[in-house]
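Enquirer: Before we start, here is the structure in question, set down as structure tokens.
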Amino acid sequence: MSESLFEQASQRLADAIAHVDVSADVIERLKSPKASLQVSIPVRMDDGTLKVFQGYRVRYNDLRGPTKGGIRFHPNVNMDEVTSLAFWMTFKCAAVNLPFGGAKGGVAVDPKQLSKFELERLSRGYINAIADFMGADVDIPAPDVQTNQTIMGWMVDEYSNIQRRLCPAAITGKPIAMGGSLGRETATGLGAFFAIETLMPLLGMHREQTTVAVQGFGNVGSAIADLLSKAGYRVVAVSDSKGGIYALQGLDVPSIIQYKNSTRTFQAVYCQDTLCNIVDHQRITNEELLKLDVDFLIPAALENQITESNAYDIRAKYIFEIANGPVTPAADAILEKRGIVVVPDILVNAGGVTVSYFEWVQNRSGLYWTLEEVNDRLKHSMIAETLSIWKIADRKQTSMRTAAYIHALTRLSEAIEAKGTRAYFVQ
Ligand SMILES: NC(=O)C1=CN([C@@H]2O[C@H](COP(=O)(O)OP(=O)(O)OC[C@H]3O[C@@H](n4cnc5c(N)ncnc54)[C@H](OP(=O)(O)O)[C@@H]3O)[C@@H](O)[C@H]2O)C=CC1
Ligand SMILES: O=C(O)CCC(=O)C(=O)O
């Protein structure tokens with residue numbers, strides 16, 4: 001029988017434990033989620049029929065602070081996936097030293113099939129169903145796959161209505177007009193950019209000679225492609241759920257973003273040489289994109305994209321995981337043997353939750369920051385944590401992933417030990 005996603009995720013912890021002096025209590029506390037909730041969400045559809053959707057929220061661990069993590073709307077959402085994502089959030093928040101634990105949520109739905117009003121009713125219904133499970137000091141949701149600022153706006157409004165007071169700090173990634181932070185929308189991409197730029201000199205790489213392929217062209221994929229191409233990297237391939245586009249001489253990313261925003265698909269881009277400003281571009285599949293001969297491969301879509309069945313075909317020199325969990329543990333082992341360096345999700349994509357933290361701080365203090373302030377703080381944090389993880393990998397002779405888990409586990413262990421054992425745990 002194949003392993004569940006959560007069993008795979010847990011292996012990352014096992015790899016790190018071998019390198020850190022942590023007590024059996026700490027390991028035991030981190031093996032399972034603190035609380036998991038599954039809810040049925042009845043939604044009145046525009047045609048008058050009633051549909052019930054399944055929603056999930058998992059609070060994995062709150063020993064470093066209230067739990068934090070996004071909400072995903074996707075047909076494949078299930079408890080195993082949400083638990084894994086909540087586990088990764090726990091280690092991500094600790095890896096970049098945020099005073100948060102980890103959580104994640106989602107609804108099994110294809111939001112592309114819903115009207116805007118149906119989507120709003122579903123979003124409000126989800127919050128209604130999990131309202132007792134969340135809050136600014138308990139659990140703070142945010143956007144993830146196929147959710148965005150608008151949806152967070154409906155959600156925070158619904159939560160505030162339930163509480164009969166404004167609760168901006170209960171959800172981050174909101175519209176600016178509702179207390180959202182400047183810079184949150186681009187934060188995941190920008191955080192990844194700072195991590196990459198920090199590593200460039202250490203890897204002996206130069207922007208202009210570096211080719212990049214990005215899988216996934218949503219919030220984070222389009223942002224990182226744009227930032228890298230503007231900084232002089234050669235972005236040669238991008239893709240969305242329908243397939244990708246490749247041009248050896250480099251793509252005109254801003255034109256593709258504009259086209260994607262107006263059509264929601266790359267299909268049109270393939271046929272629009274003038275819009276892409278490229279002559280020799282070709283259409284590729286997502287599987288082909290992963291196997292391109294590039295310097296940097298950036299998975300920015302979903303988990304389990306690089307597995308033992310395609311890991312031997314990967315030709316990139318470095319993989320920067322912006323998606324959560326795009327490389328399986330079995331693939332990791334193969335890539336490591338082949339000398340391909342994987343820079344892990346819990347570091348590379350931590351910019352989003354970092355600016356979510358800044359949003360929460362601003363909501364609670366009532367003092368709002370400039371975009372420059374937000375981005376400067378993000379930059380400072382990403383550089384510091386990337387260098388710490390790089391140094392651990394060097395000192396302990398481990399992969400960057402294991403180093404990131406060692407870094408996070410050390411902080412989690414301190415929090416767990418500091419709390420001590422409550423009397424009722426002792427027989
Ligand atoms: N949003 C955030 O702040 C954060 C996101 N992440 C992670 O980044 C990843 C992407 O999230 P985000 O950008 O927000 O999500 P979006 O929904 O904005 O974008 C997802 C992108 O992936 C594409 N996609 C979906 N399925 C596939 C597939 N099978 N092959 C290739 N591309 C596919 C989508 O295509 P199409 O456009 O056709 O739908 C879309 O372009 C996720 O793993 C998420 O957990 C991590 C940290 C923070
Ligand atoms: O911004 C947040 O709180 C969470 C972002 C998220 O879901 C993630 O990092 O995977």
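Residue numbers start at 1 in each chain; chains themselves are named A, B, ... in the order of the structure tokens; ligands are numbered from 1 in the order shown.
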If you run DSSP on the backbone, which residues of stretch 54-277 of chain A are strand (DSSP E), as a ChimeraX atom specification?
Expert: /A:54-61,67-74,101-108,139-143,211-215,234-240,243-246
Enquirer: Would you export the selected residues with C-alpha atoms as an mmCIF file, in the first residue's frame, please?
Expert:
data_model
loop_
_atom_site.group_PDB
_atom_site.id
_atom_site.type_symbol
_atom_site.label_atom_id
_atom_site.label_comp_id
_atom_site.auth_asym_id
_atom_site.auth_seq_id
_atom_site.Cartn_x
_atom_site.Cartn_y
_atom_site.Cartn_z
ATOM 1 C CA GLN A 54 -16.754 18.894 2.967
ATOM 2 C CA GLY A 55 -14.472 21.320 4.814
ATOM 3 C CA TYR A 56 -11.437 20.666 7.011
ATOM 4 C CA ARG A 57 -9.266 22.543 9.502
ATOM 5 C CA VAL A 58 -6.322 20.997 11.305
ATOM 6 C CA ARG A 59 -4.464 22.754 14.133
ATOM 7 C CA TYR A 60 -1.269 20.771 14.241
ATOM 8 C CA ASN A 61 0.679 22.335 17.077
ATOM 9 C CA THR A 67 -1.835 28.203 14.914
ATOM 10 C CA LYS A 68 -1.467 29.718 11.448
ATOM 11 C CA GLY A 69 -2.014 28.528 7.910
ATOM 12 C CA GLY A 70 -3.956 28.988 4.706
ATOM 13 C CA ILE A 71 -7.247 27.686 3.373
ATOM 14 C CA ARG A 72 -7.262 25.758 0.103
ATOM 15 C CA PHE A 73 -10.209 25.297 -2.289
ATOM 16 C CA HIS A 74 -9.446 22.293 -4.503
ATOM 17 C CA GLY A 101 2.160 27.136 15.511
ATOM 18 C CA GLY A 102 0.919 25.430 12.354
ATOM 19 C CA ALA A 103 -2.536 24.855 10.892
ATOM 20 C CA LYS A 104 -4.192 24.439 7.517
ATOM 21 C CA GLY A 105 -7.705 24.248 6.147
ATOM 22 C CA GLY A 106 -9.543 23.510 2.977
ATOM 23 C CA VAL A 107 -12.725 22.646 1.188
ATOM 24 C CA ALA A 108 -13.098 19.843 -1.357
ATOM 25 C CA ASP A 139 -5.986 29.906 14.908
ATOM 26 C CA ILE A 140 -5.572 32.437 12.092
ATOM 27 C CA PRO A 141 -6.418 31.394 8.508
ATOM 28 C CA ALA A 142 -5.018 32.993 5.321
ATOM 29 C CA PRO A 143 -5.055 32.365 1.536
ATOM 30 C CA THR A 211 17.930 29.602 -16.565
ATOM 31 C CA VAL A 212 14.682 29.016 -14.682
ATOM 32 C CA ALA A 213 11.524 26.925 -15.177
ATOM 33 C CA VAL A 214 8.465 27.624 -13.010
ATOM 34 C CA GLN A 215 5.607 25.131 -12.636
ATOM 35 C CA ARG A 234 16.368 33.865 -17.855
ATOM 36 C CA VAL A 235 12.900 32.423 -17.219
ATOM 37 C CA VAL A 236 12.591 29.902 -20.046
ATOM 38 C CA ALA A 237 9.421 28.007 -19.081
ATOM 39 C CA VAL A 238 6.207 28.521 -17.131
ATOM 40 C CA SER A 239 3.042 26.452 -16.835
ATOM 41 C CA ASP A 240 -0.461 26.342 -15.409
ATOM 42 C CA GLY A 243 0.173 23.007 -19.734
ATOM 43 C CA GLY A 244 3.205 25.184 -20.297
ATOM 44 C CA ILE A 245 5.213 27.354 -22.629
ATOM 45 C CA TYR A 246 8.971 27.194 -23.284
#
Enquirer: Identify, counting only C-alpha atoms and all ligand atoms, the protein, DNA and RNA residues located within 8 Å of ligand 1, and give them as a PyMOL selection string.
Expert: chain A and resi 70+72+85+142-148+184-188+215-222+239-243+260+264-266+286+299-303+305+322-326+345+349-353
Enquirer: Just the number, please: distance in Å from atom CA of A:Met178 to atom CA of A:Phe358, one decimal.
Expert: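 Going from atom CA of A:Met178 over to atom CA of A:Phe358, I get 14.9 Å.
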Enquirer: Of the residues A:Leu37, A:Ala177, A:Leu203, A:Val348, which is the one nearest to A:Ala129, using only C-alpha atoms?
Expert: A:Leu37
Enquirer: Could you check which of A:Arg283, A:Glu81, A:Leu202, A:Gly420 is closest to A:Lys391, using only C-alpha atoms?
Expert: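 Among A:Arg283, A:Glu81, A:Leu202, A:Gly420, it is A:Leu202 that comes nearest to A:Lys391.
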Enquirer: Return the single residue from A:Asp132, A:Glu118, A:Asp376, A:Asp157 that is closest to A:Val43, with distances computed using only C-alpha atoms.
Expert: A:Glu118
Enquirer: Would you mind telling me which residue in A:Thr285, A:Thr410, A:Thr354, A:Gln163 lies nearest to ligand 2 when using only C-alpha atoms and all ligand atoms?
Expert: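 Closest candidate: A:Thr354.
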Enquirer: For A:Asp15, work out the shell of residues within 8 Å, counting only C-alpha atoms and skipping chain neighbours fewer than 4 positions away, then give it as a PyMOL selection string.
Expert: chain A and resi 11+19+402
Enquirer: Considering only C-alpha atoms and all ligand atoms, can you say which of A:Ser32, A:Ser181, A:Gln8, A:Thr198 comes closest to ligand 2?
Expert: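 The closest residue to ligand 2 is A:Ser181.
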Enquirer: Per DSSP on the backbone, what are the helix (DSSP H, G or I) residues of stretch 194-364 of chain A, as a PyMOL selection string?
Expert: chain A and resi 194-203+207-209+219-230+253-263+267-270+273-276+286-290+311-313+329-337+345-348+351-364
Enquirer: Measuring between only C-alpha atoms and all ligand atoms, which one of A:Gly339, A:Gly173, A:Gly232, A:Pro329 shows the shortest distance to ligand 2?
Expert: A:Gly173
Enquirer: Counting only C-alpha atoms, what is within 10 Å of A:Ala231, bar same-chain residues fewer than 3 positions away, as an mmCIF file with C-alpha atoms, in the first residue's frame?
Expert:
data_model
loop_
_atom_site.group_PDB
_atom_site.id
_atom_site.type_symbol
_atom_site.label_atom_id
_atom_site.label_comp_id
_atom_site.auth_asym_id
_atom_site.auth_seq_id
_atom_site.Cartn_x
_atom_site.Cartn_y
_atom_site.Cartn_z
ATOM 1 C CA PHE A 193 13.285 35.701 -4.306
ATOM 2 C CA GLU A 197 19.318 35.851 -3.988
ATOM 3 C CA ARG A 207 21.734 35.927 -12.612
ATOM 4 C CA GLU A 208 22.231 36.432 -16.346
ATOM 5 C CA ALA A 225 8.731 34.362 -12.437
ATOM 6 C CA ASP A 226 8.197 38.108 -12.652
ATOM 7 C CA LEU A 227 10.715 38.993 -9.932
ATOM 8 C CA LEU A 228 13.405 36.715 -11.346
ATOM 9 C CA ARG A 234 16.368 33.865 -17.855
#
Enquirer: Need the shell around A:Leu292: protein/DNA/RNA residues with any atom at most 8 Å away, counting only C-alpha atoms. Skip same-chain ones fewer than 2 positions apart. Format as a ChimeraX atom specification?
Expert: /A:213,288-290,294,314-316
Enquirer: Would you write out those residues with N, CA and C atoms, as a PDB file, in the first residue's frame?
Expert:
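Written out: selection.pdb:
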ATOM      1  N   ALA A 213      12.852  27.411 -14.762  1.00  0.00           N
ATOM      2  CA  ALA A 213      11.524  26.925 -15.177  1.00  0.00           C
ATOM      3  C   ALA A 213      10.614  26.959 -13.962  1.00  0.00           C
ATOM      4  N   GLU A 288       6.882  17.619 -19.045  1.00  0.00           N
ATOM      5  CA  GLU A 288       8.072  18.046 -19.813  1.00  0.00           C
ATOM      6  C   GLU A 288       8.778  19.208 -19.120  1.00  0.00           C
ATOM      7  N   LEU A 289       7.999  20.120 -18.571  1.00  0.00           N
ATOM      8  CA  LEU A 289       8.607  21.279 -17.887  1.00  0.00           C
ATOM      9  C   LEU A 289       9.519  20.802 -16.757  1.00  0.00           C
ATOM     10  N   LEU A 290       9.038  19.802 -16.010  1.00  0.00           N
ATOM     11  CA  LEU A 290       9.832  19.326 -14.871  1.00  0.00           C
ATOM     12  C   LEU A 290      11.173  18.727 -15.315  1.00  0.00           C
ATOM     13  N   VAL A 294      17.549  22.941 -17.062  1.00  0.00           N
ATOM     14  CA  VAL A 294      17.642  24.328 -16.583  1.00  0.00           C
ATOM     15  C   VAL A 294      18.502  24.357 -15.315  1.00  0.00           C
ATOM     16  N   ILE A 314      14.956  14.338 -13.843  1.00  0.00           N
ATOM     17  CA  ILE A 314      15.116  15.779 -13.564  1.00  0.00           C
ATOM     18  C   ILE A 314      16.523  16.193 -13.975  1.00  0.00           C
ATOM     19  N   ARG A 315      16.610  17.312 -14.749  1.00  0.00           N
ATOM     20  CA  ARG A 315      17.928  17.755 -15.202  1.00  0.00           C
ATOM     21  C   ARG A 315      18.349  19.088 -14.574  1.00  0.00           C
ATOM     22  N   ALA A 316      17.456  19.685 -13.799  1.00  0.00           N
ATOM     23  CA  ALA A 316      17.798  20.955 -13.148  1.00  0.00           C
ATOM     24  C   ALA A 316      18.933  20.733 -12.150  1.00  0.00           C
TER      25      ALA A 316
END
